[in-house]
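Have a look at structure-v8.txt below; it lists compact mmCIF, C-alpha atoms.
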```txt
# COMPACT_ATOMS: atom_id res chain seq x y z
CA MET K 181 -0.22 47.90 27.21
CA ASN K 182 2.98 46.19 26.17
CA ASP K 183 6.40 47.77 26.65
CA LYS K 184 6.54 49.25 23.18
CA GLN K 185 3.15 50.89 23.57
CA LEU K 186 4.11 52.07 27.03
CA VAL K 187 7.18 53.83 25.66
CA GLN K 188 5.07 55.32 22.86
CA VAL K 189 2.58 56.72 25.35
CA ALA K 190 5.40 57.98 27.57
CA GLY K 191 6.86 59.80 24.56
CA MET K 192 3.52 61.47 23.78
CA ILE K 193 3.19 62.61 27.36
CA GLN K 194 6.69 63.99 27.51
CA GLU K 195 6.14 65.91 24.30
CA VAL K 196 2.99 67.48 25.71
CA LEU K 197 4.78 68.37 28.94
CA LEU K 198 7.38 70.23 26.89
CA LYS K 199 4.56 72.20 25.23
CA LEU K 200 3.09 72.80 28.65
CA ARG K 201 6.38 74.31 29.80
CA LYS K 202 6.17 76.83 26.98
CA SER K 203 2.48 77.42 27.86
CA ARG K 204 3.56 78.29 31.38
CA TYR K 205 5.80 81.07 30.12
CA VAL K 206 3.05 82.27 27.78
CA GLU K 207 0.65 82.24 30.70
CA CYS K 208 3.16 84.22 32.79
CA MET K 209 3.35 86.81 30.02
CA GLN K 210 -0.44 87.03 29.73
CA ARG K 211 -0.92 87.46 33.46
CA LEU K 212 1.78 90.12 33.59
CA SER K 213 0.19 91.90 30.61
CA LEU K 214 -3.12 91.93 32.41
CA PHE K 215 -1.46 93.40 35.48
CA MET K 216 0.29 96.06 33.41
CA SER K 217 -2.92 97.05 31.65
CA LYS K 218 -4.60 97.59 34.99
CA VAL K 219 -1.69 99.70 36.21
CA GLN K 220 -1.89 101.75 33.01
CA SER K 221 -5.62 102.28 33.55
CA VAL K 222 -4.95 103.54 37.06
CA THR K 223 -2.23 105.87 35.75
CA HIS K 224 -4.53 107.19 33.04
CA ASP K 225 -7.38 107.77 35.47
CA SER K 226 -5.13 109.49 37.96
CA ARG K 227 -3.99 111.96 35.27
CA ARG K 228 -7.62 112.68 34.45
CA LEU K 229 -8.31 113.12 38.14
CA GLY K 230 -5.56 115.75 38.32
CA LEU K 231 -6.98 117.55 35.30
CA ALA K 232 -10.52 117.47 36.72
CA LEU K 233 -9.36 118.86 40.06
CA SER K 234 -7.40 121.64 38.39
CA ARG K 235 -10.66 122.83 36.83
CA ASP K 236 -12.82 122.16 39.88
CA TRP K 237 -14.81 119.55 37.95
CA PHE K 238 -15.85 117.57 41.00
CA ALA K 239 -18.34 115.28 39.24
CA ALA K 240 -15.61 114.24 36.79
CA ALA K 241 -13.19 113.82 39.67
CA GLU K 242 -15.67 111.52 41.41
CA ARG K 243 -16.01 109.34 38.31
CA CYS K 244 -12.23 109.05 38.06
CA CYS K 245 -12.00 108.02 41.69
CA LYS K 246 -14.63 105.32 41.22
CA SER K 247 -12.80 103.93 38.21
CA ILE K 248 -9.49 103.95 40.10
CA GLY K 249 -11.16 102.22 43.04
CA ARG K 250 -12.42 99.40 40.81
CA GLN K 251 -9.00 98.84 39.25
CA LEU K 252 -7.23 98.86 42.61
CA ASN K 253 -9.72 96.31 43.90
CA GLU K 254 -8.86 93.89 41.07
CA ILE K 255 -5.10 94.38 41.16
CA PRO K 256 -4.38 92.17 44.21
CA TYR K 257 -6.04 89.15 42.55
CA THR K 258 -4.18 89.83 39.30
CA VAL K 259 -0.90 90.05 41.20
CA CYS K 260 -1.65 86.84 43.07
CA THR K 261 -2.40 84.81 39.95
CA ALA K 262 0.64 86.22 38.15
CA GLU K 263 2.85 85.39 41.13
CA ASN K 264 1.37 81.92 41.31
CA ILE K 265 2.22 81.05 37.73
CA LEU K 266 5.65 82.68 37.98
CA ASN K 267 6.52 80.45 40.94
CA ARG K 268 5.56 77.38 38.94
CA ARG K 269 7.30 78.31 35.72
CA ASP K 270 10.45 76.34 36.48
CA VAL K 271 8.89 72.91 36.88
CA LYS K 272 11.25 70.44 35.24
CA VAL K 273 10.01 68.24 32.45
CA PRO K 274 10.72 64.59 33.39
CA LYS K 275 12.84 62.37 31.21
CA LEU K 276 11.21 59.74 29.03
CA SER K 277 12.36 56.97 31.37
CA VAL K 278 10.78 58.74 34.34
CA VAL K 279 7.45 59.09 32.51
CA ALA K 280 7.58 55.40 31.59
CA GLU K 281 8.20 54.54 35.26
CA GLU K 282 5.21 56.65 36.18
CA ILE K 283 2.97 54.66 33.83
CA ARG K 284 4.29 51.36 35.23
CA ALA K 285 3.70 52.58 38.78
CA LEU K 286 0.20 53.59 37.72
CA GLN K 287 -0.45 50.05 36.50
CA ASP K 288 0.78 48.67 39.84
CA GLU K 289 -1.38 51.09 41.78
CA PHE K 290 -4.64 50.73 39.84
CA GLY K 291 -4.37 47.41 38.06
CA ASP K 292 -6.84 48.35 35.36
CA VAL K 293 -4.95 50.87 33.19
CA GLU K 294 -5.25 51.27 29.44
CA PHE K 295 -4.56 53.80 26.73
CA ASN K 296 -7.38 54.78 24.39
CA TRP K 297 -5.59 55.39 21.08
CA ASP K 298 -8.63 56.98 19.43
CA GLU K 299 -9.05 59.64 22.05
CA LYS K 300 -5.39 59.60 23.13
CA ALA K 301 -6.45 59.19 26.72
CA LEU K 302 -4.64 57.40 29.53
CA CYS K 303 -7.34 55.69 31.59
CA ALA K 304 -7.35 54.13 35.04
CA VAL K 305 -10.34 52.47 36.65
CA THR K 306 -11.09 52.63 40.35
CA GLU K 307 -12.45 49.93 42.58
CA PRO K 308 -16.21 50.03 43.22
CA ILE K 309 -16.98 53.02 45.40
CA THR K 310 -19.60 53.12 48.14
CA LEU K 311 -20.11 56.26 50.18
CA GLU K 312 -22.30 56.15 53.28
CA GLU K 313 -23.98 52.95 52.10
CA VAL K 314 -24.79 54.44 48.72
CA TYR K 315 -23.29 52.30 45.99
CA LEU K 316 -21.83 54.39 43.16
CA GLY K 317 -19.91 51.79 41.17
CA ARG K 318 -16.57 52.01 39.43
CA PHE K 319 -15.23 55.11 37.74
CA ARG K 320 -12.87 55.53 34.81
CA ILE K 321 -10.48 58.46 35.14
CA ALA K 322 -9.41 59.51 31.64
CA LEU K 323 -6.48 61.91 31.14
CA TYR K 324 -6.57 63.36 27.61
CA ILE K 325 -2.97 63.85 26.54
CA GLU K 326 -3.63 66.59 24.00
CA ARG K 327 -5.72 68.60 26.43
CA LEU K 328 -2.92 68.37 28.97
CA GLY K 329 -0.99 70.84 26.82
CA ASP K 330 -3.74 73.41 27.40
CA LEU K 331 -3.89 72.84 31.14
CA TYR K 332 -4.32 76.51 31.95
CA HIS K 333 -7.46 76.91 29.85
CA GLN K 334 -9.31 73.63 30.04
CA VAL K 335 -9.70 70.61 32.27
CA PRO K 336 -7.64 67.80 30.73
CA TYR K 337 -9.43 64.87 32.32
CA CYS K 338 -12.88 63.53 33.00
CA VAL K 339 -14.41 60.92 35.27
CA MET K 340 -16.94 58.52 33.80
CA ALA K 341 -19.10 56.10 35.72
CA ILE K 342 -18.68 52.64 34.24
CA ASP K 343 -21.82 51.30 35.88
CA PRO K 344 -23.73 54.50 36.64
CA HIS K 345 -25.84 54.79 39.75
CA PRO K 346 -26.72 58.47 39.36
CA ALA K 347 -28.80 60.60 41.68
CA ALA K 348 -32.52 60.03 41.20
CA THR K 349 -33.12 63.71 40.59
CA ASP K 350 -30.24 64.32 38.15
CA GLU K 351 -28.79 61.68 35.84
CA ALA K 352 -25.73 63.81 35.16
CA VAL K 353 -24.63 63.51 38.79
CA THR K 354 -23.02 60.08 39.05
CA HIS K 355 -21.13 60.93 42.23
CA PRO K 356 -21.81 63.63 44.85
CA HIS K 357 -18.81 65.57 43.48
CA VAL K 358 -19.06 64.64 39.80
CA SER K 359 -21.44 66.28 37.34
CA ASN K 360 -21.38 65.75 33.58
CA GLU K 361 -18.18 63.74 34.01
CA GLN K 362 -16.37 66.68 35.61
CA VAL K 363 -15.02 66.45 39.13
CA CYS K 364 -15.25 69.46 41.35
CA GLU K 365 -11.76 69.18 42.82
CA GLY K 366 -12.35 71.22 45.97
CA ASP K 367 -9.33 70.84 48.27
CA GLY K 368 -7.44 68.79 45.71
CA GLY K 369 -7.28 71.34 42.89
CA ALA K 370 -3.82 72.76 43.55
CA ALA K 371 -2.18 69.38 44.15
CA ILE K 372 -3.76 67.92 40.99
CA ARG K 373 -2.45 70.77 38.90
CA ALA K 374 1.03 70.51 40.41
CA ALA K 375 1.12 66.76 39.75
CA LEU K 376 0.09 67.21 36.11
CA GLU K 377 2.61 70.00 35.51
CA ALA K 378 5.41 67.77 36.82
CA GLY K 379 4.23 64.71 34.92
CA ARG K 380 3.59 62.79 38.18
CA LEU K 381 0.87 60.65 36.65
CA THR K 382 0.44 58.24 39.55
CA ASP K 383 0.03 61.14 41.96
CA PHE K 384 -2.58 62.69 39.67
CA PHE K 385 -4.70 59.55 39.43
CA THR K 386 -4.42 58.79 43.15
CA LEU K 387 -5.44 62.35 44.00
CA VAL K 388 -8.56 62.08 41.84
CA ARG K 389 -9.32 58.70 43.39
CA SER K 390 -8.99 60.25 46.86
CA ILE K 391 -11.65 62.81 45.91
CA LEU K 392 -13.93 60.08 44.61
CA THR K 393 -13.60 58.05 47.80
CA THR K 394 -14.41 60.99 50.07
CA TYR K 395 -17.81 62.52 50.72
CA ASN K 396 -18.00 66.20 51.58
CA PRO K 397 -21.53 66.74 52.95
CA ASP K 398 -21.08 70.52 52.92
CA SER K 399 -20.83 70.85 49.16
CA PRO K 400 -22.17 68.02 47.00
CA TYR K 401 -24.07 68.37 43.73
CA VAL K 402 -26.68 66.08 45.27
CA PRO K 403 -26.45 65.05 48.94
CA LEU K 404 -26.26 61.32 49.57
CA ALA K 405 -29.32 61.62 51.82
CA ASP K 406 -31.28 62.62 48.70
CA TRP K 407 -29.53 60.22 46.35
CA TYR K 408 -32.50 57.98 45.77
CA GLY K 409 -34.94 60.86 45.98
CA THR K 410 -38.38 60.70 47.56
CA PRO K 411 -41.37 59.53 45.50
CA CYS K 412 -44.49 61.64 45.69
CA TYR K 413 -47.22 59.74 47.56
CA GLU K 414 -49.86 60.88 45.05
CA CYS K 415 -48.23 60.69 41.62
CA GLY K 416 -44.94 58.87 42.19
CA TYR K 417 -42.74 61.66 40.86
CA VAL K 418 -39.24 61.40 42.37
CA MET K 419 -38.19 64.62 44.05
CA ASP K 420 -35.40 65.86 46.24
CA SER K 421 -35.87 67.11 49.78
CA GLU K 422 -35.86 70.77 48.76
CA ASN K 423 -38.84 70.31 46.46
CA SER K 424 -40.94 68.03 48.60
CA TYR K 425 -43.81 68.90 50.92
CA TYR K 426 -45.31 66.96 53.77
CA CYS K 427 -49.04 66.79 54.37
CA THR K 428 -49.87 68.12 57.84
CA TYR K 429 -52.52 65.43 58.33
CA CYS K 430 -51.28 62.18 56.81
CA GLU K 431 -47.56 63.20 56.87
CA ASN K 432 -46.93 61.73 53.41
CA ALA K 433 -44.40 63.39 51.10
CA VAL K 434 -45.95 65.02 48.05
CA CYS K 435 -44.65 67.07 45.16
CA ASP K 436 -45.56 70.66 44.41
CA GLU K 437 -48.29 69.61 41.95
CA CYS K 438 -49.97 67.29 44.44
CA SER K 439 -49.92 69.62 47.41
CA ALA K 440 -52.30 72.40 48.35
CA VAL K 441 -52.42 75.13 50.94
CA CYS K 442 -55.53 75.54 53.10
CA GLU K 443 -57.21 78.82 52.29
CA SER K 444 -58.17 79.37 55.92
CA CYS K 445 -55.18 78.24 57.99
CA ALA K 446 -52.39 78.01 55.37
CA GLU K 447 -51.44 74.43 56.33
CA VAL K 448 -50.02 72.18 53.60
CA VAL K 449 -52.24 69.26 52.66
CA CYS K 450 -52.02 66.55 50.04
CA LYS K 451 -54.72 66.16 47.43
CA SER K 452 -56.17 63.15 49.21
CA CYS K 453 -56.66 65.02 52.48
CA ALA K 454 -57.68 68.32 50.92
CA CYS K 455 -61.31 69.40 50.71
CA ALA K 456 -62.70 72.29 48.70
CA CYS K 457 -64.95 75.18 49.47
CA GLU K 458 -68.18 74.50 47.60
CA ILE K 459 -68.54 78.17 46.75
CA CYS K 460 -65.11 79.43 45.67
CA GLU K 461 -63.58 75.95 45.17
CA ARG K 462 -60.38 76.88 46.99
CA SER K 463 -58.57 74.23 49.04
CA LEU K 464 -59.33 73.58 52.67
CA CYS K 465 -57.70 71.27 55.19
CA PRO K 466 -59.91 68.66 56.90
CA HIS K 467 -60.13 70.80 60.03
CA CYS K 468 -61.25 73.98 58.26
CA ALA K 469 -63.59 71.96 56.02
CA LYS K 470 -65.83 71.45 59.09
CA THR K 471 -67.01 75.02 58.63
CA LYS K 472 -70.41 74.76 56.98
CA CYS K 473 -73.35 76.88 56.06
CA ASN K 474 -75.87 76.89 58.93
CA GLN K 475 -78.71 76.51 56.47
CA CYS K 476 -77.70 74.08 53.75
CA GLU K 477 -74.57 72.65 55.46
CA SER K 478 -72.42 73.06 52.38
CA VAL K 479 -68.67 73.18 53.11
CA CYS K 480 -67.48 76.79 52.92
CA CYS K 481 -64.32 78.67 53.74
CA ALA K 482 -64.62 81.46 56.28
CA SER K 483 -64.44 84.15 53.63
CA CYS K 484 -67.46 82.74 51.77
CA LEU K 485 -69.69 82.69 54.86
CA ASP K 486 -71.69 85.72 55.85
CA ASP K 487 -73.50 85.51 59.13
CA GLY K 488 -72.88 81.78 59.05
CA LEU K 489 -74.61 81.40 55.69
CA CYS K 490 -73.33 80.66 52.23
CA PRO K 491 -74.11 83.32 49.61
CA ASP K 492 -77.15 81.44 48.25
CA CYS K 493 -78.72 80.94 51.64
CA LYS K 494 -77.87 84.49 52.61
CA GLU K 495 -79.60 85.82 49.53
CA GLU K 496 -82.57 83.66 50.15
CA ARG K 497 -82.83 84.85 53.72
CA ASP K 498 -82.48 88.45 52.65
CA ASN K 499 -85.24 88.01 50.09
CA ASP K 500 -87.51 86.44 52.65
CA GLU K 501 -86.90 89.27 55.05
CA GLU K 502 -87.57 91.79 52.36
CA GLN K 503 -90.82 90.17 51.36
CA GLN K 504 -91.86 90.00 54.91
CA GLU K 505 -91.17 93.66 55.35
CA THR K 506 -93.10 94.52 52.18
CA GLY K 507 -96.09 92.49 53.31
CA ASP K 508 -96.11 94.24 56.64
CA ASP K 509 -95.99 97.61 54.96
CA LYS K 510 -99.07 96.86 52.87
CA GLY K 511 -101.00 95.71 55.87
CA ASN K 512 -100.20 98.88 57.71
CA ALA K 513 -101.25 100.99 54.76
CA GLU K 514 -104.81 99.41 54.66
CA GLU K 515 -105.58 100.13 58.34
CA GLU K 516 -105.07 103.92 58.16
CA THR K 517 -108.11 106.47 57.53
CA THR K 518 -107.74 108.66 54.52
CA VAL K 519 -107.74 112.41 54.95
CA GLY K 520 -109.82 114.69 52.76
CA GLY K 521 -110.39 114.67 49.00
CA ARG K 522 -113.33 113.77 46.78
CA LEU K 523 -113.53 110.49 45.08
CA ALA K 524 -113.62 110.25 41.31
CA ASP K 525 -117.39 109.61 41.12
CA GLY K 526 -118.12 112.67 43.16
CA GLY K 527 -118.70 110.81 46.32
CA GLU K 528 -117.07 111.73 49.49
CA ARG K 529 -114.67 109.76 51.33
CA THR K 530 -116.26 108.11 54.29
CA GLY K 531 -114.73 106.89 57.45
CA THR K 532 -114.94 103.31 56.34
CA ALA K 533 -111.84 101.14 56.60
CA HIS K 534 -111.75 100.55 52.90
CA ALA K 535 -111.48 103.33 50.43
CA ALA K 536 -113.76 103.20 47.41
CA VAL K 537 -111.97 101.89 44.41
CA GLN K 538 -112.04 104.52 41.77
CA PRO K 539 -113.54 103.01 38.63
CA HIS K 540 -111.18 104.56 36.16
CA SER K 541 -107.64 103.83 35.28
CA VAL K 542 -105.02 104.95 37.74
CA GLY K 543 -103.88 108.37 36.89
CA GLN K 544 -106.89 109.04 34.76
CA ALA K 545 -110.16 110.46 35.82
CA PRO K 546 -113.16 111.80 33.82
CA VAL K 547 -113.71 115.47 33.83
CA LEU K 548 -116.85 115.97 35.80
CA SER K 549 -119.60 118.24 34.63
CA GLY K 550 -120.93 120.64 37.08
CA PRO K 551 -119.32 123.37 39.00
CA LEU K 552 -115.89 121.83 38.88
CA GLY K 553 -116.23 121.04 35.19
CA GLN K 554 -116.99 124.59 34.06
CA MET G 255 21.56 61.98 53.00
CA ARG G 256 19.36 63.53 50.38
CA ILE G 257 15.89 62.32 49.36
CA LEU G 258 13.12 63.71 47.14
CA TYR G 259 10.03 64.45 49.20
CA ILE G 260 6.69 64.95 47.48
CA ASN G 261 3.79 65.92 49.67
CA ASN G 262 0.46 66.02 47.79
CA ASP G 263 -1.39 67.46 50.75
CA GLY G 264 -2.80 70.95 50.28
CA GLY G 265 -1.11 72.75 47.41
CA GLY G 266 1.51 70.08 46.81
CA PHE G 267 5.18 70.28 47.70
CA ALA G 268 8.12 68.65 45.96
CA ASP G 269 11.71 69.27 46.98
CA TYR G 270 14.90 67.61 48.13
CA LEU G 271 15.43 67.14 51.83
CA ASN G 272 18.39 66.12 53.91
CA VAL G 273 17.44 63.38 56.34
CA ALA G 274 19.35 61.50 58.97
CA GLU G 275 21.01 58.23 58.07
CA ALA G 276 19.10 55.02 58.87
CA GLN G 277 15.85 56.88 59.23
CA THR G 278 12.77 54.73 58.60
CA VAL G 279 9.73 55.79 56.61
CA GLY G 280 7.64 55.74 59.79
CA GLN G 281 10.05 58.10 61.55
CA PHE G 282 10.21 60.34 58.52
CA PHE G 283 6.39 60.55 58.43
CA GLU G 284 6.13 61.42 62.11
CA LYS G 285 8.66 64.18 61.68
CA GLN G 286 7.14 65.67 58.53
CA MET G 287 3.48 65.21 59.44
CA PRO G 288 3.21 65.64 63.22
CA GLY G 289 -0.22 64.84 64.58
CA ARG G 290 -1.31 63.07 61.41
CA GLU G 291 -2.14 59.39 61.06
CA PRO G 292 -0.24 57.28 58.49
CA HIS G 293 -3.41 55.44 57.50
CA ASP G 294 -4.79 58.74 56.18
CA TYR G 295 -2.04 58.81 53.56
CA LEU G 296 -0.82 56.77 50.65
CA ILE G 297 2.87 56.45 51.42
CA ARG G 298 5.10 55.38 48.55
CA VAL G 299 8.84 55.16 48.23
CA ASN G 300 10.13 55.10 44.67
CA ARG G 301 6.51 54.67 43.61
CA GLN G 302 6.12 51.45 45.57
CA PRO G 303 4.37 50.66 48.84
CA VAL G 304 6.86 49.92 51.61
CA PRO G 305 6.57 48.76 55.23
CA ARG G 306 6.73 51.29 58.04
CA ASP G 307 10.21 50.17 59.07
CA TYR G 308 11.73 50.56 55.61
CA VAL G 309 15.05 52.41 55.97
CA LEU G 310 15.39 55.33 53.60
CA GLN G 311 18.28 55.33 51.13
CA GLU G 312 20.13 58.10 49.32
CA ASN G 313 18.02 59.60 46.46
CA ASP G 314 14.88 57.77 47.48
CA ARG G 315 11.66 59.40 46.36
CA VAL G 316 9.06 59.58 49.12
CA THR G 317 5.48 60.51 48.20
CA LEU G 318 2.65 61.24 50.60
CA THR G 319 -0.86 61.48 49.13
CA PRO G 320 -3.94 61.98 51.28
CA THR G 321 -6.50 59.21 50.90
CA LYS G 322 -9.35 61.58 51.78
CA ILE G 323 -9.73 64.80 49.86
CA GLU G 324 -12.96 66.75 50.00
CA GLY G 325 -14.41 67.65 46.68
CA ALA G 326 -17.10 70.25 46.17
CA ALA G 327 -19.95 71.15 43.86
```
Please express the file's structure as structure tokens.
Amino acid sequence: MNDKQLVQVAGMIQEVLLKLRKSRYVECMQRLSLFMSKVQSVTHDSRRLGLALSRDWFAAAERCCKSIGRQLNEIPYTVCTAENILNRRDVKVPKLSVVAEEIRALQDEFGDVEFNWDEKALCAVTEPITLEEVYLGRFRIALYIERLGDLYHQVPYCVMAIDPHPAATDEAVTHPHVSNEQVCEGDGGAAIRAALEAGRLTDFFTLVRSILTTYNPDSPYVPLADWYGTPCYECGYVMDSENSYYCTYCENAVCDECSAVCESCAEVVCKSCACACEICERSLCPHCAKTKCNQCESVCCASCLDDGLCPDCKEERDNDEEQQETGDDKGNAEEETTVGGRLADGGERTGTAHAAVQPHSVGQAPVLSGPLGQ
Amino acid sequence: MRILYINNDGGGFADYLNVAEAQTVGQFFEKQMPGREPHDYLIRVNRQPVPRDYVLQENDRVTLTPTKIEGAA
């Protein structure tokens, strides 16, 4: 940027800061209006409460009290924000020469400073940043001049990775505290806003740089420990620590798709270590897969075994037992002497072990002639 | 003598202060930021880096900016 351009940019910034000063007063008015509307709601509800009580309408009175309670709960925050903006309303707009000095100081501080005329953005580039041995590269901090005029409703700057080294599990996270080119300011929010309101450009850029060069392990988008992710041992999918499982037997990290839970003991196993019940096909760990049918030795889970047998062998055994019982019953029936009754051919039952086989169809017998046939 | 003091720590603070004559930047820092270490701050006078023993002048602008600020998610 040559001197002429520098003065041009300084002029643009000063003009926007003048608009911002008006915005501050407008913001004051809006916050005060919000406060007044809440006070009016409370007044209105309290009148209704009085009316309800005068008529002993206790249900209505209760509703009024709840509404008043909600409004009163919100009023302190409304007062605080209104007070905050009122205290900042009188920030002086710097002279053009002061803004120009700020831009020169910014060039001394950062070295790589330029103005993007298409986007009307003042940009400064940081040195390469490494946090806890994780290389993140250089970042461009771009302050959009036109958005600066709407400071109270939108973020006027963004942070872009020049040589992105994003988190393995989320490409939008190029820094632990930057997502989709937006910095989560954390402890620096108030100071950044104050610097922008006063036109202290160097302070603004150095504050953002201080956030980028600091790692807060308590609140990152992606922790540095998970920056490179963990590849699944089975399929290679890169996952973060929250979505990874470890096989109890081989201790390899696997993803949700490649892990299984043993049906018997509920241990986590990878697909390579997992076995399956040959009956219900549910997963078993190597230890529980030692449970087998006593007959055919097929691998079964505990719930598929009955008396130590798989369903097929159990059925077979039951059938055998049943047949054996039936055979025994028949044998017993042949040994017994029959009691009474004539045979179909008129003969009499003898005491022989075998009964005479009646010559006619079962259930059918000829009508005999003779005394019985008359 | 009067100087402009801008402290970008916390919520930010910018106001004029009366300081003793012949006070150095190092002394000024120790008085304003007791218990803090200078290397944790970017200390600038009139937007320029200065040595610790720089003697403050009338209407100097002293800025302290923390070098470590914790962001969030």
How close does chain G get to chain K? List, as CSV, each residue of chain G within 6 Å, its nearest atom pair and the distance in Å to one decimal, counting only C-alpha atoms.
```
residue,atom,partner,partner_atom,distance
G:Asn262,CA,K:Ala371,CA,5.6
G:Gly265,CA,K:Ala370,CA,4.7
G:Gly266,CA,K:Ala371,CA,4.6
G:Arg301,CA,K:Ala285,CA,6.0
G:Thr321,CA,K:Ser390,CA,4.9
G:Lys322,CA,K:Ser390,CA,5.1
G:Ile323,CA,K:Ile391,CA,4.8
G:Glu324,CA,K:Asn396,CA,5.3
G:Gly325,CA,K:Gly366,CA,4.2
G:Ala326,CA,K:Ser399,CA,4.8
G:Ala327,CA,K:Pro400,CA,5.0
```
- Identify, on the basis of only C-alpha atoms, every residue whose closest approach to range 492-495 of chain K does not exceed 9 Å; exclude the query and any residue fewer than 3 positions from it along the same chain; express the result as a ChimeraX atom specification. /K:473-476,485-489,498-500
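A straight line drawn from CA of Asn272 in chain G to CA of Gln286 in chain G is 12.2 Å long.
Note that the spacing between CA of Thr349 in chain K and CA of Glu414 in chain K amounts to 17.6 Å.
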- Note on the structure: As a check of understanding: the span from CA of Val293 in chain K to CA of Pro303 in chain G is 18.2 Å
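Contact shell of Ala347 in chain K at 9 Å (only C-alpha atoms; same-chain neighbours under 3 positions omitted): Asp350, Glu351, Ala352, Val353, Thr354, His355, Pro356, Val402, Pro403, Leu404, Asp406, Trp407, Tyr408 and Gly409 of chain K.
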With C-alpha atoms retained, export the selected residues as a CSV table (one decimal), in the coordinates of the input.
```csv
chain,number,residue,atom,x,y,z
K,350,ASP,CA,-30.2,64.3,38.2
K,351,GLU,CA,-28.8,61.7,35.8
K,352,ALA,CA,-25.7,63.8,35.2
K,353,VAL,CA,-24.6,63.5,38.8
K,354,THR,CA,-23.0,60.1,39.0
K,355,HIS,CA,-21.1,60.9,42.2
K,356,PRO,CA,-21.8,63.6,44.8
K,402,VAL,CA,-26.7,66.1,45.3
K,403,PRO,CA,-26.4,65.0,48.9
K,404,LEU,CA,-26.3,61.3,49.6
K,406,ASP,CA,-31.3,62.6,48.7
K,407,TRP,CA,-29.5,60.2,46.4
K,408,TYR,CA,-32.5,58.0,45.8
K,409,GLY,CA,-34.9,60.9,46.0
```
- Would you list the residues near (10.0, 57.1, 55.4), meaning any protein, DNA or RNA residue with an atom at most 8 Å from that point in file coordinates, counting all atoms listed in the file, as a count of residues only? 14
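Of the listed residues K:Ala440, K:Leu212, K:Ala304, K:Ala348, the one whose atoms come nearest to Met419 in chain K is K:Ala348, with distances taken using all atoms listed in the file.
Nearest to Arg256 in chain G of all the residues G:Val273, G:Met287, G:Leu318, G:Val304 is G:Val273, counting only C-alpha atoms.
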Find the axis-aligned box for range 466-472 of chain K, covering all its listed atoms and adding 6 Å on each side, and write its centre and edge lengths in Å to one decimal as JSON.
```
{"center_x": -65.2, "center_y": 71.8, "center_z": 58.0, "size_x": 22.5, "size_y": 18.4, "size_z": 16.0}
```
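Taking all atoms listed in the file into account, the polymer residues that have an atom no farther than 9 Å from (-24.2, 52.4, 39.6) are Tyr315, Leu316, Gly317, Arg318, Ala341, Ile342, Asp343, Pro344, His345, Pro346 and Thr354 of chain K.
Near Asp294 in chain G, within a cut-off of 8 Å and counting all atoms listed in the file, sit the residues Arg290, Glu291, Pro292, Leu296, Pro320, Thr321 and Lys322 of chain G, with same-chain residues fewer than 2 positions away left out.
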Incomplete range 278-289 of chain G brought to N, CA and C atoms, written out as a PDB file, in the frame of the given file:
```pdb
ATOM      1  N   THR G 278      13.815  55.543  59.226  1.00  0.00           N
ATOM      2  CA  THR G 278      12.770  54.730  58.600  1.00  0.00           C
ATOM      3  C   THR G 278      11.680  55.642  58.017  1.00  0.00           C
ATOM      4  N   VAL G 279      10.844  55.044  57.198  1.00  0.00           N
ATOM      5  CA  VAL G 279       9.730  55.790  56.610  1.00  0.00           C
ATOM      6  C   VAL G 279       8.775  56.259  57.703  1.00  0.00           C
ATOM      7  N   GLY G 280       8.536  55.386  58.688  1.00  0.00           N
ATOM      8  CA  GLY G 280       7.640  55.740  59.790  1.00  0.00           C
ATOM      9  C   GLY G 280       8.162  56.952  60.554  1.00  0.00           C
ATOM     10  N   GLN G 281       9.444  56.964  60.828  1.00  0.00           N
ATOM     11  CA  GLN G 281      10.050  58.100  61.550  1.00  0.00           C
ATOM     12  C   GLN G 281       9.978  59.365  60.709  1.00  0.00           C
ATOM     13  N   PHE G 282      10.257  59.190  59.437  1.00  0.00           N
ATOM     14  CA  PHE G 282      10.210  60.340  58.520  1.00  0.00           C
ATOM     15  C   PHE G 282       8.801  60.932  58.510  1.00  0.00           C
ATOM     16  N   PHE G 283       7.778  60.068  58.457  1.00  0.00           N
ATOM     17  CA  PHE G 283       6.390  60.550  58.430  1.00  0.00           C
ATOM     18  C   PHE G 283       6.062  61.307  59.709  1.00  0.00           C
ATOM     19  N   GLU G 284       6.461  60.766  60.832  1.00  0.00           N
ATOM     20  CA  GLU G 284       6.130  61.420  62.110  1.00  0.00           C
ATOM     21  C   GLU G 284       6.785  62.784  62.205  1.00  0.00           C
ATOM     22  N   LYS G 285       7.953  62.904  61.622  1.00  0.00           N
ATOM     23  CA  LYS G 285       8.660  64.180  61.680  1.00  0.00           C
ATOM     24  C   LYS G 285       8.022  65.211  60.731  1.00  0.00           C
ATOM     25  N   GLN G 286       7.667  64.736  59.532  1.00  0.00           N
ATOM     26  CA  GLN G 286       7.140  65.670  58.530  1.00  0.00           C
ATOM     27  C   GLN G 286       5.658  65.982  58.734  1.00  0.00           C
ATOM     28  N   MET G 287       4.930  65.044  59.287  1.00  0.00           N
ATOM     29  CA  MET G 287       3.480  65.210  59.440  1.00  0.00           C
ATOM     30  C   MET G 287       3.089  64.986  60.899  1.00  0.00           C
ATOM     31  N   PRO G 288       3.529  65.841  61.797  1.00  0.00           N
ATOM     32  CA  PRO G 288       3.210  65.640  63.220  1.00  0.00           C
ATOM     33  C   PRO G 288       1.709  65.730  63.441  1.00  0.00           C
ATOM     34  N   GLY G 289       1.199  64.836  64.244  1.00  0.00           N
ATOM     35  CA  GLY G 289      -0.220  64.840  64.580  1.00  0.00           C
ATOM     36  C   GLY G 289      -1.100  64.166  63.546  1.00  0.00           C
TER      37      GLY G 289
END
```
